[in-house]
Every structure is written in structure tokens, then in C-alpha cells.
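Trainee: So here's protein-v3.txt (compact mmCIF, C-alpha atoms).
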# COMPACT_ATOMS: atom_id res chain seq x y z
CA MET A 1 0.00 0.00 0.00
CA ARG A 2 1.26 3.49 -0.73
CA LEU A 3 -0.30 6.06 1.61
CA SER A 4 -0.15 9.75 0.55
CA SER A 5 -1.98 11.79 -2.08
CA LEU A 6 -3.66 14.59 -4.06
CA VAL A 7 -7.11 16.12 -4.30
CA ALA A 8 -7.56 16.48 -8.04
CA SER A 9 -8.06 20.10 -9.03
CA THR A 10 -8.43 19.38 -12.70
CA LEU A 11 -10.25 16.85 -14.80
CA LEU A 12 -8.60 13.48 -15.28
CA SER A 13 -6.29 12.83 -18.19
CA SER A 14 -7.46 11.52 -21.56
CA ALA A 15 -6.52 8.06 -20.33
CA ALA A 16 -9.10 8.33 -17.59
CA LEU A 17 -11.73 9.65 -19.96
CA ALA A 18 -11.04 6.72 -22.26
CA TYR A 19 -12.25 4.24 -19.64
CA PRO A 20 -16.01 3.90 -20.25
CA ILE A 21 -18.46 3.32 -17.44
CA LEU A 22 -22.21 3.30 -17.09
CA GLU A 23 -24.19 6.53 -17.36
CA ARG A 24 -23.19 8.32 -14.19
CA GLN A 25 -25.00 10.28 -11.54
CA ALA A 26 -24.64 14.00 -12.27
CA GLY A 27 -23.86 16.77 -9.81
CA PHE A 28 -20.95 15.25 -7.90
CA PRO A 29 -17.42 16.67 -7.72
CA VAL A 30 -14.54 15.13 -9.62
CA CYS A 31 -13.13 12.19 -7.68
CA PRO A 32 -10.03 13.20 -5.70
CA PHE A 33 -6.79 11.31 -5.63
CA TRP A 34 -6.97 8.79 -2.80
CA GLY A 35 -4.21 10.30 -0.64
CA GLY A 36 -4.45 14.06 -0.76
CA ASN A 37 -2.71 16.97 -2.40
CA ILE A 38 0.63 15.83 -3.81
CA THR A 39 2.42 17.45 -6.72
CA VAL A 40 4.17 14.84 -8.82
CA PRO A 41 7.55 15.97 -10.19
CA ASP A 42 8.20 15.45 -13.85
CA ARG A 43 10.70 12.78 -14.87
CA ASN A 44 12.46 12.15 -18.15
CA VAL A 45 12.78 8.84 -19.95
CA THR A 46 15.83 6.87 -18.79
CA PRO A 47 17.98 4.14 -20.35
CA PHE A 48 16.14 0.83 -20.56
CA ILE A 49 17.17 -2.75 -19.82
CA ALA A 50 14.45 -5.29 -20.54
CA PRO A 51 13.27 -7.58 -17.72
CA TYR A 52 14.60 -11.12 -17.65
CA GLN A 53 11.10 -12.60 -17.78
CA GLN A 54 7.57 -11.79 -18.91
CA ALA A 55 4.95 -11.16 -16.22
CA PRO A 56 2.20 -13.80 -16.08
CA VAL A 57 -1.55 -13.41 -15.91
CA LEU A 58 -1.74 -13.18 -12.12
CA ASN A 59 -4.23 -15.60 -10.60
CA LEU A 60 -5.67 -14.59 -7.21
CA SER A 61 -7.79 -17.70 -6.66
CA LYS A 62 -5.43 -18.99 -3.94
CA ASN A 63 -3.45 -17.20 -1.26
CA THR A 64 0.22 -17.66 -0.47
CA LEU A 65 -0.61 -20.67 1.72
CA GLY A 66 -2.28 -22.39 -1.22
CA GLN A 67 -5.74 -21.94 0.28
CA THR A 68 -8.74 -21.02 -1.85
CA ARG A 69 -9.69 -17.40 -1.21
CA LEU A 70 -13.10 -16.34 0.01
CA PRO A 71 -15.46 -15.50 -2.87
CA VAL A 72 -16.79 -12.07 -3.76
CA PRO A 73 -19.76 -11.11 -1.53
CA GLY A 74 -23.07 -11.62 -3.27
CA HIS A 75 -25.73 -9.02 -4.09
CA ILE A 76 -23.52 -5.95 -3.83
CA ALA A 77 -25.85 -2.97 -4.16
CA GLY A 78 -25.93 0.70 -3.39
CA THR A 79 -28.47 3.50 -3.27
CA LEU A 80 -27.98 7.26 -3.24
CA SER A 81 -29.94 9.03 -0.52
CA GLY A 82 -29.39 12.43 1.06
CA GLY A 83 -26.05 12.89 -0.66
CA SER A 84 -24.62 9.60 0.63
CA VAL A 85 -24.41 6.13 -0.89
CA ASN A 86 -25.57 3.21 1.26
CA ILE A 87 -23.76 0.06 0.13
CA THR A 88 -25.08 -3.38 1.11
CA LEU A 89 -23.74 -6.89 0.57
CA ASP A 90 -24.38 -10.49 1.50
CA ARG A 91 -22.43 -12.43 4.10
CA VAL A 92 -19.68 -14.77 2.98
CA THR A 93 -19.24 -18.02 4.88
CA GLY A 94 -15.93 -17.92 6.71
CA ALA A 95 -15.57 -14.14 6.59
CA THR A 96 -15.20 -12.05 9.75
CA ALA A 97 -14.86 -8.63 8.12
CA TYR A 98 -15.30 -6.79 4.83
CA ARG A 99 -13.62 -3.80 3.23
CA VAL A 100 -15.16 -1.24 0.89
CA TRP A 101 -13.04 1.20 -1.11
CA ARG A 102 -13.79 3.99 -3.55
CA ASP A 103 -10.85 4.54 -5.89
CA ALA A 104 -8.57 3.14 -3.14
CA ALA A 105 -9.95 5.52 -0.49
CA ALA A 106 -11.41 3.64 2.48
CA VAL A 107 -15.21 3.83 2.61
CA GLY A 108 -15.95 1.20 5.22
CA TRP A 109 -14.56 -1.61 7.35
CA ILE A 110 -17.46 -3.89 8.24
CA THR A 111 -16.95 -6.25 11.15
CA ASP A 112 -19.47 -9.09 11.19
CA TRP A 113 -20.75 -9.43 14.77
CA GLY A 114 -24.05 -10.99 13.75
CA GLN A 115 -25.95 -7.83 12.81
CA PRO A 116 -29.07 -8.32 10.64
CA SER A 117 -27.39 -6.86 7.54
CA LEU A 118 -24.00 -5.71 6.33
CA SER A 119 -23.61 -2.18 5.00
CA ALA A 120 -21.24 0.76 4.61
CA ILE A 121 -21.99 4.40 3.84
CA ASP A 122 -19.99 6.63 1.52
CA THR A 123 -20.62 10.16 2.77
CA ALA A 124 -18.56 11.79 0.01
CA PRO A 125 -19.51 10.20 -3.32
CA CYS A 126 -17.86 11.62 -6.43
CA ASP A 127 -18.32 11.59 -10.17
CA GLY A 128 -17.41 8.15 -11.54
CA GLY A 129 -15.86 6.71 -8.37
CA HIS A 130 -15.13 2.98 -8.54
CA TYR A 131 -16.28 0.95 -5.52
CA THR A 132 -14.48 -2.29 -4.66
CA VAL A 133 -15.61 -4.80 -2.03
CA VAL A 134 -13.71 -7.75 -0.53
CA ALA A 135 -14.38 -10.31 2.21
CA MET A 136 -11.68 -11.11 4.77
CA GLN A 137 -10.99 -14.25 6.80
CA ASP A 138 -9.78 -12.16 9.73
CA ASN A 139 -8.99 -8.55 10.60
CA ASN A 140 -5.53 -8.63 9.04
CA VAL A 141 -5.03 -6.85 5.73
CA ASN A 142 -2.68 -9.41 4.25
CA ASP A 143 -2.56 -12.01 1.51
CA THR A 144 -3.81 -14.92 3.59
CA SER A 145 -6.87 -13.01 4.81
CA MET A 146 -8.08 -11.27 1.68
CA GLY A 147 -10.76 -12.83 -0.49
CA ILE A 148 -11.31 -12.15 -4.18
CA MET A 149 -12.00 -8.50 -4.98
CA SER A 150 -15.30 -7.58 -6.54
CA LEU A 151 -15.57 -6.02 -9.95
CA PRO A 152 -15.65 -2.20 -9.78
CA TYR A 153 -19.06 -0.62 -9.20
CA VAL A 154 -20.07 2.94 -10.10
CA LEU A 155 -23.01 5.13 -9.16
CA GLN A 156 -25.40 5.27 -12.11
CA SER A 157 -27.73 8.04 -13.22
CA ASP A 158 -30.65 6.36 -11.43
CA GLY A 159 -28.84 6.59 -8.08
CA THR A 160 -27.94 2.90 -7.82
CA LEU A 161 -24.66 1.04 -8.12
CA GLY A 162 -23.85 -0.89 -11.29
CA ILE A 163 -20.81 -2.82 -12.48
CA ALA A 164 -18.42 -0.67 -14.49
CA SER A 165 -17.72 -1.66 -18.07
CA THR A 166 -14.24 -3.02 -18.83
CA PRO A 167 -13.08 -1.64 -22.20
CA VAL A 168 -11.17 -4.70 -23.42
CA GLY A 169 -8.92 -3.75 -26.33
CA LYS A 170 -8.62 -0.10 -25.34
CA THR A 171 -5.05 1.19 -25.72
CA PHE A 172 -3.56 4.37 -24.31
CA GLN A 173 -0.16 5.70 -23.34
CA VAL A 174 1.05 5.83 -19.75
CA ARG A 175 4.28 6.50 -17.94
CA VAL A 176 5.65 3.22 -16.60
CA THR A 177 8.06 2.92 -13.68
CA SER A 178 8.87 -0.08 -11.51
CA TYR A 179 9.21 -1.05 -7.85
CA ASN A 180 10.46 -4.10 -5.97
CA ASN A 181 8.94 -3.86 -2.48
CA LEU A 182 7.75 -7.10 -0.89
CA GLY A 183 4.79 -7.76 1.38
CA PRO A 184 1.13 -6.68 1.27
CA THR A 185 -0.01 -4.13 -1.28
CA ALA A 186 -2.84 -1.64 -0.74
CA THR A 187 -5.37 -4.38 -1.48
CA GLY A 188 -3.68 -6.82 0.90
CA TYR A 189 -2.45 -9.12 -1.85
CA ASN A 190 1.30 -9.64 -1.86
CA ALA A 191 3.45 -7.59 -4.20
CA GLN A 192 4.60 -9.92 -6.96
CA LEU A 193 5.36 -10.30 -10.64
CA GLY A 194 2.21 -9.45 -12.60
CA GLY A 195 0.78 -7.14 -9.92
CA CYS A 196 0.91 -3.40 -10.54
CA ALA A 197 0.11 -0.06 -8.95
CA VAL A 198 -2.37 2.24 -10.70
CA ASP A 199 -4.52 5.28 -10.17
CA PRO A 200 -7.88 3.51 -9.64
CA ARG A 201 -9.71 6.53 -11.05
CA VAL A 202 -8.10 5.64 -14.39
CA ILE A 203 -7.62 1.87 -14.16
CA PRO A 204 -9.90 0.34 -11.51
CA TRP A 205 -8.53 -2.31 -9.18
CA GLY A 206 -9.07 -5.79 -10.58
CA THR A 207 -8.37 -4.72 -14.17
CA TYR A 208 -5.89 -6.67 -16.28
CA PHE A 209 -3.77 -4.75 -18.77
CA TYR A 210 -0.84 -5.58 -21.00
CA VAL A 211 2.44 -3.65 -20.89
CA PRO A 212 4.85 -4.14 -23.82
CA ASP A 213 8.27 -5.42 -22.66
CA TYR A 214 6.78 -6.45 -19.30
CA GLY A 215 3.77 -8.69 -19.81
CA TYR A 216 0.46 -8.73 -17.96
CA CYS A 217 -0.49 -6.48 -15.07
CA LEU A 218 -3.32 -6.87 -12.57
CA ALA A 219 -4.21 -3.60 -10.85
CA ILE A 220 -3.86 -4.36 -7.12
CA ASP A 221 -1.82 -1.49 -5.71
CA ILE A 222 -1.48 2.29 -5.54
CA GLY A 223 1.34 4.80 -5.19
CA THR A 224 1.71 8.37 -4.04
CA TRP A 225 3.16 9.34 -7.42
CA ILE A 226 0.97 6.99 -9.44
CA GLN A 227 -1.53 9.60 -10.57
CA ASP A 228 -3.59 9.85 -13.75
CA ASP A 229 -1.71 8.33 -16.72
CA ALA A 230 0.94 6.41 -14.76
CA VAL A 231 1.45 2.82 -13.64
CA ASP A 232 4.10 1.13 -11.52
CA ILE A 233 5.01 -2.44 -12.47
CA TRP A 234 6.53 -4.93 -10.04
CA LEU A 235 9.91 -6.44 -10.84
CA PRO A 236 12.31 -8.32 -8.58
CA ASP A 237 15.53 -6.85 -7.24
CA ASP A 238 17.71 -4.87 -9.68
CA GLN A 239 15.30 -5.42 -12.55
CA ALA A 240 13.17 -2.62 -11.13
CA GLY A 241 16.01 -0.14 -11.49
CA ASN A 242 16.87 -1.54 -14.92
CA TRP A 243 13.41 -0.60 -16.17
CA GLY A 244 13.83 3.08 -15.36
CA VAL A 245 11.21 5.56 -16.55
CA GLN A 246 9.51 4.64 -19.81
CA TYR A 247 6.37 5.32 -21.83
CA ARG A 248 4.31 2.45 -23.18
CA ASN A 249 0.96 2.03 -24.90
CA ILE A 250 -0.86 -0.33 -22.56
CA THR A 251 -3.92 -2.37 -23.54
CA ILE A 252 -6.87 -3.26 -21.31
CA VAL A 253 -7.29 -7.03 -21.62
CA GLY A 254 -9.78 -8.16 -18.97
CA ASP A 255 -10.91 -8.18 -15.36
CA LEU A 256 -11.17 -10.68 -12.52
CA ALA A 257 -14.40 -12.11 -13.93
CA ASN A 258 -12.94 -12.40 -17.43
CA PRO A 259 -9.15 -12.70 -17.24
CA PRO A 260 -7.06 -12.64 -20.42
CA SER A 261 -6.04 -15.84 -22.15
CA GLY A 262 -2.34 -15.07 -21.88
CA SER A 263 -1.68 -14.43 -25.56
CA THR A 264 -0.23 -11.08 -26.56
CA PRO A 265 -3.15 -8.72 -27.29
CA THR A 266 -3.66 -6.83 -30.51
CA THR A 267 -3.26 -3.15 -29.70
CA THR A 268 -5.34 -0.40 -31.26
CA GLY A 269 -4.15 3.12 -31.86
CA GLY A 270 -0.40 3.66 -31.83
CA SER A 271 2.67 1.54 -31.59
CA SER A 272 3.19 -0.84 -28.71
CA SER A 273 6.00 1.11 -27.10
CA THR A 274 7.81 4.42 -27.19
CA THR A 275 10.88 5.93 -25.62
CA SER A 276 9.99 9.57 -26.16
CA LYS A 277 8.06 11.64 -23.68
CA ALA A 278 4.45 12.40 -24.61
CA SER A 279 3.83 16.13 -24.76
CA THR A 280 0.42 15.77 -23.14
CA SER A 281 1.60 13.71 -20.19
CA THR A 282 1.60 15.55 -16.88
CA SER A 283 1.95 12.79 -14.30
CA THR A 284 4.69 10.50 -13.12
CA SER A 285 5.05 7.27 -11.25
CA THR A 286 7.63 7.48 -8.51
CA LYS A 287 7.82 5.80 -5.14
CA THR A 288 10.38 5.48 -2.36
CA SER A 289 11.26 2.66 -0.04
CA SER A 290 13.74 3.36 2.73
CA SER A 291 15.66 0.16 2.16
CA VAL A 292 15.23 -0.38 -1.57
CA SER A 293 17.51 1.69 -3.76
CA SER A 294 17.21 -0.16 -7.06
CA SER A 295 13.59 0.74 -7.75
CA SER A 296 13.26 3.24 -10.56
CA SER A 297 10.06 4.59 -9.08
CA SER A 298 11.42 5.81 -5.71
CA LYS A 299 8.34 5.18 -3.62
CA VAL A 300 7.39 8.19 -1.55
CA SER A 301 5.38 6.26 1.01
CA THR A 302 4.62 2.60 1.47
CA THR A 303 3.50 0.02 3.96
CA THR A 304 4.88 -2.89 1.99
CA THR A 305 7.76 -4.70 3.64
CA SER A 306 11.08 -4.13 1.93
CA LYS A 307 13.13 -7.16 1.03
CA SER A 308 15.89 -6.43 3.50
CA SER A 309 13.54 -6.57 6.48
CA SER A 310 10.97 -9.13 5.39
CA THR A 311 11.04 -12.57 6.98
CA LYS A 312 7.89 -13.92 5.38
CA ALA A 313 7.87 -12.54 1.85
CA THR A 314 9.69 -14.28 -0.97
CA SER A 315 10.54 -13.22 -4.47
CA SER A 316 7.47 -13.45 -6.61
CA THR A 317 9.48 -15.04 -9.38
CA ALA A 318 9.66 -18.06 -7.13
CA LYS A 319 5.91 -18.45 -6.83
CA SER A 320 4.29 -16.88 -9.90
CA THR A 321 2.22 -19.25 -12.01
CA LYS A 322 0.48 -18.97 -15.35
CA THR A 323 -1.05 -21.23 -17.92
CA THR A 324 0.47 -19.60 -20.98
CA GLN A 325 3.76 -18.03 -21.91
CA THR A 326 6.65 -18.37 -19.47
CA THR A 327 5.95 -19.65 -15.98
CA THR A 328 8.29 -19.64 -13.00
CA THR A 329 8.18 -23.04 -11.36
CA SER A 330 11.04 -23.03 -8.89
CA ALA A 331 13.37 -20.58 -7.21
CA THR A 332 15.89 -23.32 -6.46
CA ALA A 333 15.96 -25.09 -9.79
CA THR A 334 18.40 -27.90 -10.39
CA PRO A 335 21.45 -26.23 -11.95
CA THR A 336 21.50 -28.32 -15.13
CA ASN A 337 23.40 -25.57 -16.95
CA GLY A 338 26.30 -25.12 -14.55
CA ALA A 339 26.95 -22.46 -11.95
CA CYS A 340 24.86 -19.30 -11.64
CA THR A 341 27.05 -16.42 -10.47
CA ALA A 342 27.24 -12.66 -10.73
CA ALA A 343 29.25 -13.13 -13.91
CA ASN A 344 26.36 -14.74 -15.81
CA ASN A 345 23.40 -13.15 -14.01
CA GLY A 346 20.48 -12.88 -16.45
CA GLN A 347 21.67 -15.73 -18.67
CA THR A 348 18.89 -17.94 -20.03
CA LEU A 349 19.56 -21.45 -21.32
CA CYS A 350 17.34 -24.19 -22.71
CA ILE A 351 17.10 -27.38 -20.65
CA ALA A 352 18.24 -30.21 -22.91
CA SER A 353 16.12 -32.85 -21.19
CA GLN A 354 12.97 -30.69 -21.32
CA PRO A 355 12.38 -29.15 -24.78
CA THR A 356 9.63 -26.84 -23.51
CA ALA A 357 11.59 -25.49 -20.53
CA TYR A 358 14.53 -23.23 -19.83
CA GLN A 359 16.51 -21.88 -16.88
CA GLU A 360 17.46 -18.33 -16.00
CA CYS A 361 20.28 -17.23 -13.71
CA VAL A 362 18.82 -14.72 -11.25
CA ASN A 363 20.89 -13.49 -8.31
CA SER A 364 23.10 -16.58 -8.01
CA GLY A 365 20.26 -19.07 -8.41
CA TRP A 366 18.74 -20.88 -11.39
CA ILE A 367 14.98 -20.48 -11.89
CA ASN A 368 12.95 -22.82 -14.09
CA PHE A 369 10.52 -21.45 -16.68
CA SER A 370 8.16 -23.11 -19.16
CA CYS A 371 7.50 -21.97 -22.70
CA ALA A 372 3.95 -21.26 -23.82
CA PRO A 373 1.87 -24.34 -24.75
CA GLY A 374 2.76 -25.59 -28.22
CA THR A 375 6.20 -23.94 -28.29
CA GLN A 376 9.71 -25.20 -27.60
CA CYS A 377 12.86 -23.59 -26.34
CA GLN A 378 15.53 -22.63 -28.85
CA GLN A 379 18.89 -21.17 -27.90
CA SER A 380 19.19 -17.90 -29.83
CA SER A 381 22.62 -17.00 -28.42
CA SER A 382 25.01 -18.14 -25.72
CA SER A 383 22.99 -16.23 -23.12
CA SER A 384 19.42 -15.95 -24.41
CA ILE A 385 16.60 -18.16 -25.66
CA THR A 386 13.35 -17.90 -27.58
CA CYS A 387 10.22 -20.04 -27.35
CA VAL A 388 8.89 -20.80 -30.83
Write the structure described by the file as C-alpha cells, please.
Mentor:
Amino acid sequence: MRLSSLVASTLLSSAALAYPILERQAGFPVCPFWGGNITVPDRNVTPFIAPYQQAPVLNLSKNTLGQTRLPVPGHIAGTLSGGSVNITLDRVTGATAYRVWRDAAAVGWITDWGQPSLSAIDTAPCDGGHYTVVAMQDNNVNDTSMGIMSLPYVLQSDGTLGIASTPVGKTFQVRVTSYNNLGPTATGYNAQLGGCAVDPRVIPWGTYFYVPDYGYCLAIDIGTWIQDDAVDIWLPDDQAGNWGVQYRNITIVGDLANPPSGSTPTTTGGSSSTTSKASTSTSTSTKTSSSVSSSSSSKVSTTTTSKSSSTKATSSTAKSTKTTQTTTTSATATPTNGACTAANNGQTLCIASQPTAYQECVNSGWINFSCAPGTQCQQSSSSSITCV
């Protein structure tokens, strides 16, 4: 979670306006940034070193203990009355509490003590705010407690909540930086490969999008400098710093109810990547962690646990799974290709005994990956491979 912010004094960027939702309730103010009034400094494009792996389609169905997460609460509804929105939801078996957010701002923490009904009230609704609801196994905001997030809901013109439309195939340019913090994100899910920080006013939580040169992102986090047309991708260790500050044309590819297949999407409107600064871009994506210096995004404020102090978090490359494209299967892979040292860090080699697999040297340890279904590993050079 990244706690700090800005009250938006201007309309959202064109990226935000490109995200269609249902016909909205008129007369509300523009939704503020979740954390307050923060001016984001401008940042120029930096040199770029591509990540060693592609991010998978992140699957939240199980927590880090391998347990099936609690489902989305049923019958989520909301009604506007007297300038406030009363949000109701059904109980979930096994849940002790529920959280309700609007664009990452806390609306309600509902503790289930046996009351007749469960509800939360938003006393400050805004124009086009996205409401997200999640059930929790206990009162801890961490990966083992959090259930599956709901789809985003918005207040419609008739004064009731409706599910926001996900504009699959929509492409727009954003500034992309990277971070490498470990531990719970703002949603409680662990920071990991394939999870990204967004401005939920632009890209609602639970949205999947594709970032050229990175792979798939699931919006599960926020950042003090992740405002308007900016996203922060998660990469392990020095790979975050290697990414730097870039611009990419990202593509919306799905949501938690309809995740992407894993194949590279066809983008519409513009090339898939760019290294020049867009003249219309006014936001940046920078964060600072007191003990992480390699992150290009310099997170300003965070409650995630940095790698140097975490005793329970592990590199997401050791636990990420996906059904297509490359999949990390082990952080302590059998070193079939010899020693992995600082001298050959980043080297990728096909595994002779497994035509559809390869190994990558990451920080003195070999990690196993699998090629996409129907493809095989081919050694393209002494240090890199392709799956064809």
C-alpha cells in the first residue's frame, strides 16, 4: 500500500476519460486522488534494460498458503440518498470482516458481529468513483486473509450502483516505472510479478492490462506518485532499477471475472512502445522505499515490507504461475546448466532434457521457466533463448 496523495483540481487525463463506465450520476465533484494533495515531479525517460522474464496473468484464486480465497460477496448494491451512498452486501461463509473502497480511499470496514445486515456508507460520493468490495478471513489486511475482490461498481444516473464496463482492447499511453517492495499491497495481496500499482480513477482495481516489454499487469496497488496516466510495475531486485522511466501504450485485456487468455493482445491506436516523452503527459510514477535503492520509481510512502527486512515474503518469481507463456516453477531449480554467479546473471539457457523449458540465472540461483503451450525452447545465443 502506498499512503499519501492529491485532491484532483483538474479533470482526469485523456486516459481516464477513455475508460467507459455506465451513465453516471450527475452533480458530484470530480473524484479526488486517494491520498491528498501531492504534486508529482516530472521525470524524463531513462535508459532501458528489458526484464529477464515476462509477467504472467496473475491468478488470485489462492493465497500464499495455497488456500482457496473467500469469494466475492453476493448481491452488492448501493443507493444514493441524502447525498450519501448506502452500500449493502451479503455475508460470505468464513468471513469475519469486509472492506469497501472507492478509488482506493477507504469507505468502510465492516466487522461481522451478527448484525441483521451488512452495510457501509460513503458520505462523500464523487463523479465516476469505482467501488471495490472484498471479504476477509480475519482482521488482518494481508494475503492470507483477503478474499477475491469484486468487480468495480459505479453510481449510475438512477442513483444505484452498477458494475463498471471493462473496455477490453482499449489502448492508451502511460508512464511506466517499476518497484520491488515485498509484502502486502494496498489491497492486501502480496506484491509480486504481474501485480501493478495504478490510479484507480483511471484503471480500476481488478483490471488486467498488458504492458509491452513487461507482460500482464493486474491492478492491485497504488502509489503516491501513481496519478492519472501512470502505472508502476513490479519487478524483482535490480530489474526494477533496470526498467527506469519509460512510456508504453498499454492495452486493457480483462478483469477478474474475465481474465485474459495469456496471448499477446492486438493493440489499437499507436505503436506498442515508445521511448519519447508524450507532450500531453503531466503525471509521473515514482515511489520510495527506505531500504530499496534499485527501484526506478522511488516510492514516496509505502507500507509494503522491503526485502531487506521481510522474513515472510519471498521473491514473486519463485511463486508466480500462469497457464500460458513463461511460468516460474522453482526458485531453487536444479542447476543443469552449470553455476549461476554474478558473472552470468540474467543468462537464459534451454534445458536439454525438457524441450519446452529453460533456466534463468537470477541473483546466483537458477529459476525454471516453461514456454507457452505448443512452443519449444531454442537457444538464440550463448545467453538468451526464444520459445517458438
Trainee: Which residues come within 7 Å of region 122-136 of chain A, counting only C-alpha atoms, excluding same-chain residues fewer than 4 positions away, as a PyMOL selection string?
Mentor: chain A and resi 24-25+28-31+70+72-73+83-86+92+95-103+107+145-155+201+204
Trainee: Could you give me, as JSON lines, a per-residue list for region 76-131 of chain A showing, wherever an atom lies at most 9 Å from an atom of region 159-165 of chain A, the closest pair of atoms and their distance in Å to one decimal, using all atoms listed in the file and sorting by chain then residue number from low to high?
Mentor:
{"residue": "A:Ile76", "atom": "CA", "partner": "A:Leu161", "partner_atom": "CA", "distance": 8.3}
{"residue": "A:Ala77", "atom": "CA", "partner": "A:Leu161", "partner_atom": "CA", "distance": 5.8}
{"residue": "A:Gly78", "atom": "CA", "partner": "A:Leu161", "partner_atom": "CA", "distance": 4.9}
{"residue": "A:Thr79", "atom": "CA", "partner": "A:Thr160", "partner_atom": "CA", "distance": 4.6}
{"residue": "A:Leu80", "atom": "CA", "partner": "A:Gly159", "partner_atom": "CA", "distance": 5.0}
{"residue": "A:Ser81", "atom": "CA", "partner": "A:Gly159", "partner_atom": "CA", "distance": 8.0}
{"residue": "A:Val85", "atom": "CA", "partner": "A:Thr160", "partner_atom": "CA", "distance": 8.4}
{"residue": "A:Ile87", "atom": "CA", "partner": "A:Leu161", "partner_atom": "CA", "distance": 8.4}
{"residue": "A:His130", "atom": "CA", "partner": "A:Ala164", "partner_atom": "CA", "distance": 7.7}
{"residue": "A:Tyr131", "atom": "CA", "partner": "A:Leu161", "partner_atom": "CA", "distance": 8.8}
Trainee: Taking 2 positions as the minimum chain separation for residues in the same chain, which residues sit within 10 Å of region 251-258 of chain A when counting only C-alpha atoms? Answer as a tab-separated table (two decimals) with C-alpha atoms, in the coordinates of the input.
Mentor:
chain	number	residue	atom	x	y	z
A	19	TYR	CA	-12.25	4.24	-19.64
A	58	LEU	CA	-1.74	-13.18	-12.12
A	59	ASN	CA	-4.23	-15.60	-10.60
A	60	LEU	CA	-5.67	-14.59	-7.21
A	61	SER	CA	-7.79	-17.70	-6.66
A	148	ILE	CA	-11.31	-12.15	-4.18
A	149	MET	CA	-12.00	-8.50	-4.98
A	150	SER	CA	-15.30	-7.58	-6.54
A	151	LEU	CA	-15.57	-6.02	-9.95
A	152	PRO	CA	-15.65	-2.20	-9.78
A	165	SER	CA	-17.72	-1.66	-18.07
A	166	THR	CA	-14.24	-3.02	-18.83
A	167	PRO	CA	-13.08	-1.64	-22.20
A	168	VAL	CA	-11.17	-4.70	-23.42
A	169	GLY	CA	-8.92	-3.75	-26.33
A	170	LYS	CA	-8.62	-0.10	-25.34
A	171	THR	CA	-5.05	1.19	-25.72
A	172	PHE	CA	-3.56	4.37	-24.31
A	173	GLN	CA	-0.16	5.70	-23.34
A	203	ILE	CA	-7.62	1.87	-14.16
A	204	PRO	CA	-9.90	0.34	-11.51
A	205	TRP	CA	-8.53	-2.31	-9.18
A	206	GLY	CA	-9.07	-5.79	-10.58
A	207	THR	CA	-8.37	-4.72	-14.17
A	208	TYR	CA	-5.89	-6.67	-16.28
A	209	PHE	CA	-3.77	-4.75	-18.77
A	210	TYR	CA	-0.84	-5.58	-21.00
A	211	VAL	CA	2.44	-3.65	-20.89
A	212	PRO	CA	4.85	-4.14	-23.82
A	216	TYR	CA	0.46	-8.73	-17.96
A	217	CYS	CA	-0.49	-6.48	-15.07
A	218	LEU	CA	-3.32	-6.87	-12.57
A	219	ALA	CA	-4.21	-3.60	-10.85
A	248	ARG	CA	4.31	2.45	-23.18
A	249	ASN	CA	0.96	2.03	-24.90
A	260	PRO	CA	-7.06	-12.64	-20.42
A	261	SER	CA	-6.04	-15.84	-22.15
A	262	GLY	CA	-2.34	-15.07	-21.88
A	264	THR	CA	-0.23	-11.08	-26.56
A	265	PRO	CA	-3.15	-8.72	-27.29
A	266	THR	CA	-3.66	-6.83	-30.51
A	267	THR	CA	-3.26	-3.15	-29.70
A	268	THR	CA	-5.34	-0.40	-31.26
A	269	GLY	CA	-4.15	3.12	-31.86
A	272	SER	CA	3.19	-0.84	-28.71
Trainee: Give me the residues within 7 Å of Gln376 (chain A) as an MDAnalysis selection string, counting only C-alpha atoms and dropping any in the same chain fewer than 5 places off.
Mentor: chainID A and resid 355:356 371 387:388
Trainee: Interatomic distance between CA of Pro200 (chain A) and CA of Val40 (chain A)?
Mentor: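 Computing it gives 16.6 Å between the two atoms.
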Trainee: Check the smallest atom-to-atom distance from each of A:Asp199, A:Gln347, A:Ile49, A:Asn37 to Asp228 (chain A) using only C-alpha atoms, then report the winner.
Mentor: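 Going through A:Asp199, A:Gln347, A:Ile49, A:Asn37 one by one, the smallest distance to Asp228 (chain A) is for A:Asp199.
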Trainee: Check the smallest atom-to-atom distance from each of A:Asp158, A:Ala191, A:Gly183, A:Ser178 to Gln239 (chain A) using all atoms listed in the file, then report the winner.
Mentor: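 Smallest separation from Gln239 (chain A) among the options: A:Ser178.
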Trainee: Grab the CA of Ile233 (chain A) to CA of Ala104 (chain A) distance for me, in Å with one decimal place.
Mentor: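 Taking CA of Ile233 (chain A) and CA of Ala104 (chain A), their separation equals 17.4 Å.
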Trainee: Rounded to one decimal, what separation in Å do you get between CA of Val198 (chain A) and CA of Val231 (chain A)?
Mentor: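 Going from CA of Val198 (chain A) over to CA of Val231 (chain A) covers 4.9 Å.
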Trainee: Just checking: using only C-alpha atoms, which residue out of A:Trp109, A:Tyr52, A:Tyr189, A:Tyr247 ends up closest to Asp229 (chain A)?
Mentor: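 Closest to Asp229 (chain A), using only C-alpha atoms: A:Tyr247.
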Trainee: Which neighbours of Thr144 (chain A) fall inside 7 Å, counting all atoms listed in the file, when residues of the same chain fewer than 5 positions from it are skipped, and could you give them as a compact mmCIF listing (two decimals) with C-alpha atoms, keeping the file's coordinate frame?
Mentor:
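Result file out-v4.txt:
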# COMPACT_ATOMS: atom_id res chain seq x y z
CA ASN A 63 -3.45 -17.20 -1.26
CA THR A 64 0.22 -17.66 -0.47
CA LEU A 65 -0.61 -20.67 1.72
Trainee: Generate the coordinates of N, CA and C atoms for region 140-149 of chain A; report them as a compact mmCIF listing (two decimals), in the frame of the given file.
Mentor:
# COMPACT_ATOMS: atom_id res chain seq x y z
N ASN A 140 -6.84 -8.99 9.55
CA ASN A 140 -5.53 -8.63 9.04
C ASN A 140 -5.61 -8.34 7.55
N VAL A 141 -5.05 -7.20 7.15
CA VAL A 141 -5.03 -6.85 5.73
C VAL A 141 -3.77 -7.44 5.12
N ASN A 142 -3.82 -8.74 4.86
CA ASN A 142 -2.68 -9.41 4.25
C ASN A 142 -3.16 -10.47 3.27
N ASP A 143 -2.22 -11.11 2.60
CA ASP A 143 -2.56 -12.01 1.51
C ASP A 143 -3.37 -13.21 1.96
N THR A 144 -3.10 -13.73 3.15
CA THR A 144 -3.81 -14.92 3.59
C THR A 144 -5.24 -14.62 4.02
N SER A 145 -5.53 -13.38 4.35
CA SER A 145 -6.87 -13.01 4.81
C SER A 145 -7.79 -12.58 3.69
N MET A 146 -7.24 -11.91 2.68
CA MET A 146 -8.08 -11.27 1.68
C MET A 146 -8.74 -12.27 0.75
N GLY A 147 -10.05 -12.04 0.50
CA GLY A 147 -10.76 -12.83 -0.49
C GLY A 147 -10.56 -12.25 -1.88
N ILE A 148 -11.37 -12.68 -2.82
CA ILE A 148 -11.31 -12.15 -4.18
C ILE A 148 -12.02 -10.80 -4.22
N MET A 149 -11.38 -9.82 -4.83
CA MET A 149 -12.00 -8.50 -4.98
C MET A 149 -13.21 -8.57 -5.91
